[in-house]
file structure.txt (compact mmCIF, C-alpha atoms)
# COMPACT_ATOMS: atom_id res chain seq x y z
CA MET A 1 -15.08 -8.13 17.76
CA SER A 2 -14.14 -5.49 15.17
CA ALA A 3 -14.90 -2.75 17.72
CA GLN A 4 -12.57 -4.43 20.21
CA LEU A 5 -9.79 -4.59 17.62
CA GLN A 6 -10.17 -0.91 16.77
CA ALA A 7 -10.11 0.00 20.47
CA ALA A 8 -6.98 -2.09 20.98
CA LYS A 9 -5.25 -0.32 18.10
CA LYS A 10 -5.94 3.06 19.71
CA ILE A 11 -4.53 1.86 23.02
CA ALA A 12 -1.33 0.66 21.31
CA LEU A 13 -0.90 3.82 19.23
CA ASN A 14 -1.43 6.06 22.25
CA TYR A 15 1.23 4.14 24.19
CA TRP A 16 3.81 4.23 21.41
CA GLU A 17 3.16 7.91 20.73
CA ALA A 18 3.57 8.77 24.41
CA ILE A 19 6.87 6.87 24.62
CA ASP A 20 8.18 8.48 21.43
CA HIS A 21 7.49 12.01 22.68
CA ALA A 22 8.72 11.41 26.24
CA SER A 23 11.96 12.78 27.60
CA ILE A 24 14.16 10.42 29.57
CA THR A 25 12.78 11.83 32.83
CA GLN A 26 9.19 11.19 31.72
CA VAL A 27 9.57 7.60 30.57
CA LYS A 28 8.94 5.89 33.89
CA SER A 29 5.76 7.84 34.66
CA ILE A 30 4.44 7.21 31.15
CA CYS A 31 5.04 3.50 31.53
CA ARG A 32 3.19 3.55 34.84
CA ASN A 33 0.30 5.46 33.27
CA HIS A 34 -0.09 3.13 30.29
CA LEU A 35 0.90 -0.25 31.74
CA PRO A 36 -0.57 -2.10 34.74
CA GLU A 37 1.59 -3.38 37.58
CA HIS A 38 1.28 -6.98 36.33
CA PHE A 39 2.57 -6.03 32.84
CA TYR A 40 5.55 -7.96 31.57
CA ALA A 41 7.76 -7.70 28.51
CA GLN A 42 9.96 -10.13 26.61
CA GLY A 43 12.70 -8.48 24.60
CA PRO A 44 15.85 -9.45 22.75
CA ALA A 45 19.00 -10.55 24.52
CA PRO A 46 20.51 -9.13 26.63
CA PHE A 47 17.20 -7.74 28.01
CA GLY A 48 15.13 -10.91 28.29
CA SER A 49 12.10 -10.67 30.58
CA MET A 50 11.09 -7.48 32.37
CA ASN A 51 8.28 -7.99 34.83
CA SER A 52 6.88 -4.53 35.55
CA PRO A 53 6.46 -1.11 33.95
CA ASP A 54 9.40 0.18 36.00
CA SER A 55 11.63 -2.69 34.85
CA LEU A 56 10.85 -1.94 31.20
CA ALA A 57 11.56 1.75 31.73
CA GLU A 58 14.76 1.35 33.73
CA ASN A 59 16.36 -1.51 31.79
CA TYR A 60 15.37 -0.69 28.23
CA LEU A 61 13.52 2.53 27.45
CA MET A 62 15.51 4.98 29.58
CA PRO A 63 18.93 3.75 28.37
CA LEU A 64 17.59 3.87 24.81
CA LYS A 65 16.38 7.45 25.30
CA LYS A 66 19.72 8.40 26.84
CA ALA A 67 21.54 7.13 23.76
CA LEU A 68 19.00 8.41 21.22
CA PRO A 69 17.14 11.32 22.85
CA VAL A 70 14.97 12.00 19.78
CA LEU A 71 13.42 8.85 18.37
CA LYS A 72 10.85 8.80 15.59
CA ARG A 73 8.87 5.60 15.03
CA HIS A 74 7.97 4.79 11.43
CA PHE A 75 5.45 2.01 10.79
CA HIS A 76 5.64 -0.38 7.85
CA ILE A 77 2.92 -2.64 9.23
CA PHE A 78 0.28 -2.03 11.88
CA MET A 79 -2.45 -4.60 12.50
CA ALA A 80 -4.51 -6.36 15.15
CA GLY A 81 -6.32 -9.64 15.59
CA CYS A 82 -7.45 -12.42 17.90
CA SER A 83 -4.80 -15.08 18.16
CA ASN A 84 -5.06 -18.66 16.93
CA GLY A 85 -1.53 -19.82 17.57
CA ARG A 86 -1.99 -23.32 18.98
CA GLN A 87 -1.47 -26.28 16.70
CA ASP A 88 -4.78 -27.80 17.81
CA GLY A 89 -6.61 -24.50 17.24
CA LEU A 90 -7.95 -24.42 20.78
CA GLY A 91 -7.52 -22.35 23.92
CA ASP A 92 -6.24 -19.09 22.47
CA GLY A 93 -8.25 -16.04 21.37
CA ALA A 94 -6.08 -13.36 23.02
CA LEU A 95 -6.22 -9.91 21.42
CA TRP A 96 -2.89 -8.65 20.08
CA VAL A 97 -1.68 -5.57 18.19
CA GLY A 98 1.43 -6.04 16.05
CA ALA A 99 3.69 -3.58 14.25
CA CYS A 100 7.06 -3.31 12.60
CA GLY A 101 9.14 -0.61 10.96
CA TYR A 102 12.02 1.66 11.90
CA LEU A 103 13.11 3.67 14.89
CA PHE A 104 14.88 6.73 13.46
CA GLY A 105 17.35 8.71 15.54
CA HIS A 106 20.85 10.10 16.06
CA ALA A 107 22.95 8.32 18.68
CA GLU A 108 24.41 10.87 21.09
CA ASP A 109 25.73 8.22 23.48
CA ASN A 110 26.64 4.54 23.49
CA PHE A 111 23.91 1.95 23.98
CA LEU A 112 24.94 -1.39 25.50
CA GLY A 113 28.42 -0.60 24.26
CA ILE A 114 27.29 0.06 20.69
CA PRO A 115 29.23 3.19 19.69
CA LYS A 116 27.49 6.37 18.71
CA ARG A 117 27.93 7.82 15.24
CA SER A 118 27.28 11.17 13.61
CA GLN A 119 24.95 9.83 10.90
CA GLY A 120 21.37 8.93 11.67
CA LEU A 121 20.35 5.37 12.47
CA ARG A 122 17.45 3.35 11.07
CA LEU A 123 16.83 0.65 13.65
CA ARG A 124 14.71 -2.29 12.59
CA TRP A 125 12.04 -2.68 15.26
CA THR A 126 8.98 -4.83 15.84
CA GLU A 127 6.59 -5.30 18.74
CA PHE A 128 3.44 -7.17 19.68
CA LEU A 129 1.21 -5.92 22.49
CA ARG A 130 -1.43 -8.07 24.18
CA ILE A 131 -4.51 -6.11 25.19
CA GLU A 132 -6.73 -7.35 28.00
CA ASN A 133 -9.52 -5.38 29.70
CA ASN A 134 -8.38 -2.26 27.78
CA GLN A 135 -4.86 -2.54 29.19
CA ILE A 136 -1.52 -3.51 27.66
CA VAL A 137 -0.60 -6.53 29.75
CA GLN A 138 2.24 -7.99 27.69
CA SER A 139 4.85 -6.96 25.13
CA GLN A 140 7.12 -8.99 22.90
CA PHE A 141 9.61 -6.88 20.97
CA LEU A 142 12.82 -7.17 18.99
CA ILE A 143 15.43 -4.73 17.73
CA ASP A 144 17.76 -5.99 15.02
CA PHE A 145 21.08 -5.60 16.84
CA ILE A 146 23.15 -7.21 14.07
CA ASP A 147 21.84 -4.62 11.61
CA TRP A 148 22.62 -1.89 14.17
CA PHE A 149 26.17 -3.22 14.59
CA GLU A 150 26.64 -3.12 10.82
CA GLN A 151 25.39 0.47 10.60
CA VAL A 152 28.19 1.56 12.94
CA GLY A 153 30.80 -0.53 11.13
CA CYS A 154 31.01 -3.48 13.55
CA HIS A 155 30.72 -6.71 11.58
CA VAL A 156 30.29 -9.62 13.97
CA LEU A 157 29.16 -12.29 11.48
CA PRO A 158 30.36 -13.42 8.04
CA LYS A 159 29.07 -11.46 5.06
CA PRO A 160 25.43 -12.47 4.64
CA LYS A 161 24.35 -14.49 1.63
CA GLY A 162 21.34 -12.21 1.22
CA VAL A 163 21.21 -8.48 0.60
CA SER A 164 21.93 -6.23 3.60
CA PHE A 165 19.75 -3.31 4.73
CA VAL A 166 16.67 -4.32 2.71
CA PHE A 167 13.56 -3.71 4.81
CA PRO A 168 10.80 -1.85 2.90
CA ALA A 169 7.12 -1.30 3.53
CA PRO A 170 4.66 -3.62 1.75
CA THR A 171 4.57 -3.35 -2.02
CA ALA A 172 1.35 -1.93 -3.54
CA TYR A 173 -0.49 -2.45 -0.25
CA GLU A 174 -1.18 -0.15 2.69
CA GLY A 175 0.22 -2.07 5.63
CA ILE A 176 -0.95 0.40 8.28
CA LEU A 177 -4.45 -0.93 8.94
CA LEU A 178 -6.10 1.87 10.88
CA ASP A 179 -9.64 1.20 9.68
CA GLN A 180 -11.91 -1.77 10.21
CA GLN A 181 -11.17 -4.65 7.82
CA ASN A 182 -13.35 -7.34 6.27
CA GLU A 183 -13.53 -10.13 8.85
CA ALA A 184 -14.09 -12.83 6.22
CA ASN A 185 -10.86 -11.84 4.47
CA SER A 186 -9.00 -11.94 7.76
CA ALA A 187 -10.37 -15.39 8.64
CA SER A 188 -9.37 -16.78 5.24
CA THR A 189 -5.85 -15.36 5.56
CA LEU A 190 -5.47 -16.84 9.05
CA GLU A 191 -6.58 -20.28 7.90
CA PHE A 192 -4.03 -20.16 5.06
CA ALA A 193 -1.31 -19.12 7.51
CA ARG A 194 -2.10 -22.00 9.85
CA ARG A 195 -1.75 -24.51 6.99
CA PHE A 196 1.55 -22.90 6.00
CA ILE A 197 3.05 -22.84 9.51
CA PHE A 198 1.80 -26.05 11.11
CA GLY A 199 1.55 -28.08 7.91
CA GLY A 200 4.16 -26.80 5.45
CA LEU A 201 6.95 -25.58 7.72
CA ASN A 202 6.58 -28.59 10.00
CA GLY A 203 6.52 -31.00 7.05
CA PHE A 204 10.28 -31.11 6.37
CA ASP A 205 11.49 -34.71 5.98
CA GLN A 206 15.08 -33.68 6.90
CA SER A 207 16.21 -34.42 3.35
CA ASP A 208 14.35 -32.63 0.55
CA LEU A 209 13.20 -29.00 0.75
CA ARG A 210 10.32 -29.90 -1.53
CA SER A 211 8.82 -32.02 1.24
CA MET A 212 7.48 -28.81 2.83
CA GLY A 213 5.66 -27.67 -0.30
CA MET A 214 6.84 -24.11 0.14
CA ALA A 215 6.21 -23.36 -3.54
CA ASP A 216 2.50 -23.72 -2.76
CA TYR A 217 2.71 -20.96 -0.15
CA PHE A 218 5.42 -18.60 -1.44
CA HIS A 219 5.24 -16.82 -4.81
CA SER A 220 8.19 -17.35 -7.15
CA ASN A 221 8.92 -13.60 -6.87
CA LEU A 222 8.83 -13.71 -3.07
CA LYS A 223 10.53 -10.85 -1.23
CA TRP A 224 11.90 -12.19 2.07
CA TYR A 225 13.30 -9.50 4.35
CA GLY A 226 15.57 -11.34 6.75
CA PRO A 227 17.42 -10.05 9.81
CA GLY A 228 20.94 -8.71 9.98
CA GLY A 229 23.40 -11.57 9.49
CA ILE A 230 21.10 -13.30 6.97
CA GLY A 231 19.93 -10.49 4.70
CA GLY A 232 17.12 -10.15 2.22
CA CYS A 233 16.18 -12.68 -0.45
CA LEU A 234 14.57 -11.25 -3.57
CA SER A 235 13.03 -14.40 -5.03
CA PHE A 236 11.80 -17.78 -3.83
CA LYS A 237 14.96 -19.38 -5.24
CA GLU A 238 17.17 -16.95 -3.30
CA PHE A 239 15.12 -17.72 -0.17
CA GLU A 240 15.81 -21.43 -0.58
CA ASP A 241 19.49 -20.99 -1.54
CA PHE A 242 20.51 -18.17 0.79
CA HIS A 243 18.46 -18.90 3.90
CA GLN A 244 16.33 -22.01 4.04
CA ARG A 245 18.89 -24.59 2.90
CA PRO A 246 21.72 -23.36 5.24
CA TRP A 247 19.17 -23.05 8.07
CA LEU A 248 17.91 -26.61 7.66
CA VAL A 249 21.44 -28.00 7.31
CA ALA A 250 22.13 -26.51 10.74
CA PHE A 251 18.74 -27.30 12.30
CA PRO A 252 17.18 -30.20 10.34
CA ASP A 253 14.74 -31.23 13.09
CA ARG A 254 13.40 -27.73 13.74
CA LYS A 255 9.68 -27.60 14.52
CA VAL A 256 7.27 -24.73 15.02
CA GLN A 257 5.68 -25.07 18.46
CA ASP A 258 2.44 -23.58 19.77
CA LEU A 259 2.90 -19.86 19.13
CA ASP A 260 2.37 -17.13 21.70
CA ASN A 261 0.25 -15.42 19.06
CA LEU A 262 -0.77 -15.79 15.45
CA ILE A 263 -3.09 -13.12 14.03
CA ALA A 264 -4.40 -12.02 10.65
CA GLU A 265 -6.06 -8.85 9.45
CA ASP A 266 -7.17 -8.51 5.84
CA ARG A 267 -4.18 -9.86 3.83
CA LEU A 268 -1.57 -9.50 6.58
CA VAL A 269 -0.44 -12.19 9.01
CA GLY A 270 1.67 -11.58 12.10
CA ALA A 271 3.15 -13.88 14.74
CA SER A 272 5.49 -13.61 17.70
CA SER A 273 6.67 -16.27 20.08
CA PHE A 274 9.43 -16.47 22.68
CA PRO A 275 10.25 -19.16 21.68
CA GLY A 276 8.33 -20.29 18.61
CA VAL A 277 10.69 -22.88 17.15
CA ILE A 278 12.73 -25.64 18.82
CA ALA A 279 15.62 -27.44 17.11
CA THR A 280 18.90 -29.29 17.60
CA HIS A 281 22.07 -27.63 16.30
CA THR A 282 23.52 -30.58 14.37
CA GLY A 283 25.13 -28.81 11.40
CA PRO A 284 27.35 -25.75 10.82
CA TYR A 285 25.73 -22.33 10.84
CA GLN A 286 27.50 -19.11 9.84
CA ASP A 287 30.98 -19.48 11.37
CA VAL A 288 29.93 -21.84 14.16
CA SER A 289 30.31 -25.61 14.00
CA ALA A 290 27.53 -27.90 15.21
CA THR A 291 27.23 -27.86 18.99
CA GLY A 292 24.57 -30.51 19.49
CA HIS A 293 22.71 -28.05 21.70
CA LYS A 294 18.94 -27.82 21.88
CA ILE A 295 18.08 -24.39 20.53
CA ALA A 296 15.02 -22.20 21.17
CA PHE A 297 14.36 -19.46 18.63
CA ASN A 298 12.69 -16.18 19.63
CA GLY A 299 11.19 -14.54 16.58
CA ILE A 300 8.58 -12.26 15.06
CA ASP A 301 7.23 -12.54 11.51
CA PHE A 302 4.83 -10.70 9.23
CA TRP A 303 3.56 -11.98 5.88
CA LEU A 304 1.57 -10.37 3.06
CA LYS A 305 -0.80 -12.62 1.11
CA SER A 306 -1.59 -11.69 -2.47
CA ALA A 307 -4.15 -13.88 -4.27
CA ASN A 308 -3.28 -17.41 -3.13
CA GLN A 309 0.32 -17.05 -1.95
CA PHE A 310 2.56 -15.03 0.31
CA THR A 311 4.50 -12.44 -1.68
CA GLU A 312 6.43 -10.72 1.14
CA ASN A 313 7.78 -11.82 4.52
CA TRP A 314 9.34 -9.58 7.19
CA VAL A 315 11.48 -11.70 9.52
CA PHE A 316 12.99 -10.90 12.92
CA VAL A 317 15.14 -13.42 14.79
CA ASP A 318 16.84 -12.72 18.11
CA MET A 319 20.29 -13.50 16.72
CA ILE A 320 22.03 -12.47 19.96
CA HIS A 321 20.00 -15.06 21.88
CA LEU A 322 20.54 -17.66 19.15
CA PHE A 323 24.33 -17.33 19.23
CA ASP A 324 24.34 -17.20 23.03
CA GLN A 325 23.00 -20.76 22.87
CA PHE A 326 25.97 -21.72 20.70
CA GLY A 327 28.26 -20.27 23.37
CA VAL A 328 29.11 -17.23 21.22
CA ASP A 329 28.67 -13.70 22.60
CA LEU A 330 28.01 -11.37 19.66
CA PHE A 331 28.10 -8.29 21.88
CA ALA A 332 31.62 -9.34 22.93
CA ARG A 333 32.53 -9.64 19.25
CA MET A 334 31.14 -6.14 18.69
CA ARG A 335 33.23 -4.75 21.55
CA ALA A 336 36.35 -6.52 20.26
CA HIS A 337 35.76 -5.15 16.75
CA ARG A 338 35.33 -1.69 18.21
CA GLY A 339 38.55 -2.07 20.21
CA ARG A 340 40.52 -3.10 17.12
CA ALA A 341 39.10 -0.14 15.18
CA ASN A 342 40.07 2.26 17.97
CA GLY A 343 43.50 0.69 18.34

call {"tool": "encode", "arguments": {"input": "structure.txt", "output": "structure tokens"}}
result
Amino acid sequence: MSAQLQAAKKIALNYWEAIDHASITQVKSICRNHLPEHFYAQGPAPFGSMNSPDSLAENYLMPLKKALPVLKRHFHIFMAGCSNGRQDGLGDGALWVGACGYLFGHAEDNFLGIPKRSQGLRLRWTEFLRIENNQIVQSQFLIDFIDWFEQVGCHVLPKPKGVSFVFPAPTAYEGILLDQQNEANSASTLEFARRFIFGGLNGFDQSDLRSMGMADYFHSNLKWYGPGGIGGCLSFKEFEDFHQRPWLVAFPDRKVQDLDNLIAEDRLVGASSFPGVIATHTGPYQDVSATGHKIAFNGIDFWLKSANQFTENWVFVDMIHLFDQFGVDLFARMRAHRGRANG
């Protein structure tokens, strides 16, 4: 299996490198060369599902290249594994490669109405690629649009409780796993992650945060790197006060479902699922009152395990999609903010 993982990593790296070096006129042919006809992608709102290499190129990659002609991808985490994302532990085993980091570039044109700016951008990016028969057959990816809005001065949500723009590489650990890793370590990390996700996170009694036993899984000096609109939390207490408590007030019945993937390699865990969590919006969140709507959360996470606890957590949530389900269009807020600034 280790040989398959290493081969999958090469396939993913070759694809990302080709896309990064492509001009806008080359993007479609590169997608066709690297992706089969039955490939499909799931991206953040407003992209959603794209069901062919051409659809990915035309709807996402070419407009992105038009806005930011020179993009440089910087990896914080790069890993691979065989998925065990079902609650019952059965019927999975798909091979996935996961990564997160920054897309660096200068915006020379608008993108989805997001205004260009003279300074460079650091766009929080993450993607999981499913490899089957030496082909990339599926992608799940997110770009942190709220963070992007904030970089160009468009604030569409209240000031976050956490710290903005905190998104570092792993501390004292090389998160770019290019070489073969110890399979026993990976298996132990995955087993710990399954207890955390399907036991701890799903153990909330809708009253007391302690019912989940998060202190057993998260170190007291946890670094939790949340998405734009939520911000980073630099201790376990900040995580509970700034994110988890407001989140569970808004979505007290939230449950992690069977995940599209859950992988581990050495001390790293990664997961993506569109959606991965289902909840009812029964309490206020940010500046939105409870709607009573059923909510599906699209998200991607990475965790670093040190000794017997997670010490860092990189978190991506499709906030545009989340607020769409409240009936709030954050892109419309961005455009209105831009119009006021220009007026």

call {"tool": "residues_around", "arguments": {"input": "structure.txt", "residues": "Pro168 of chain A", "least_positions_apart": "4", "cutoff": "9 Å", "atoms": "all atoms listed in the file", "output": "list of chain:residue names"}}
result
A:His76, A:Gly101, A:Tyr225, A:Trp314

call {"tool": "atom_distance", "arguments": {"input": "structure.txt", "atom1": "atom CA of Pro227 of chain A", "atom2": "atom CA of Asn84 of chain A"}}
result
25.1 Å

call {"tool": "residues_around", "arguments": {"input": "structure.txt", "residues": "Ala172 of chain A", "least_positions_apart": "3", "cutoff": "12 Å", "atoms": "all atoms listed in the file", "output": "list in words"}}
result
Pro168, Ala169, Gly175, Leu304, Lys305, Ser306, Thr311 and Glu312 of chain A

call {"tool": "atom_distance", "arguments": {"input": "structure.txt", "atom1": "atom CA of Gly327 of chain A", "atom2": "atom CA of Phe47 of chain A"}}
result
17.3 Å

call {"tool": "axis_aligned_box", "arguments": {"input": "structure.txt", "around": "segment 220-229 of chain A", "padding_each_side": "3 Å", "output": "lines of an AutoDock Vina configuration file"}}
result
center_x = 15.8
center_y = -13.0
center_z = 1.4
size_x = 21.2
size_y = 14.6
size_z = 23.1

call {"tool": "closest_residue", "arguments": {"input": "structure.txt", "among": "A:Gly203, A:Phe310, A:Pro246, A:Phe167", "to": "Asp216 of chain A", "atoms": "only C-alpha atoms"}}
result
A:Phe310

call {"tool": "closest_residue", "arguments": {"input": "structure.txt", "among": "A:Lys161, A:Arg194, A:Lys28, A:His219", "to": "Tyr60 of chain A", "atoms": "all atoms listed in the file"}}
result
A:Lys28

call {"tool": "residues_around", "arguments": {"input": "structure.txt", "residues": "Glu127 of chain A", "least_positions_apart": "5", "cutoff": "7 Å", "atoms": "all atoms listed in the file", "output": "list in words"}}
result
Gly98, Ala99, Cys100, Ser139, Gln140, Phe141 and Leu142 of chain A
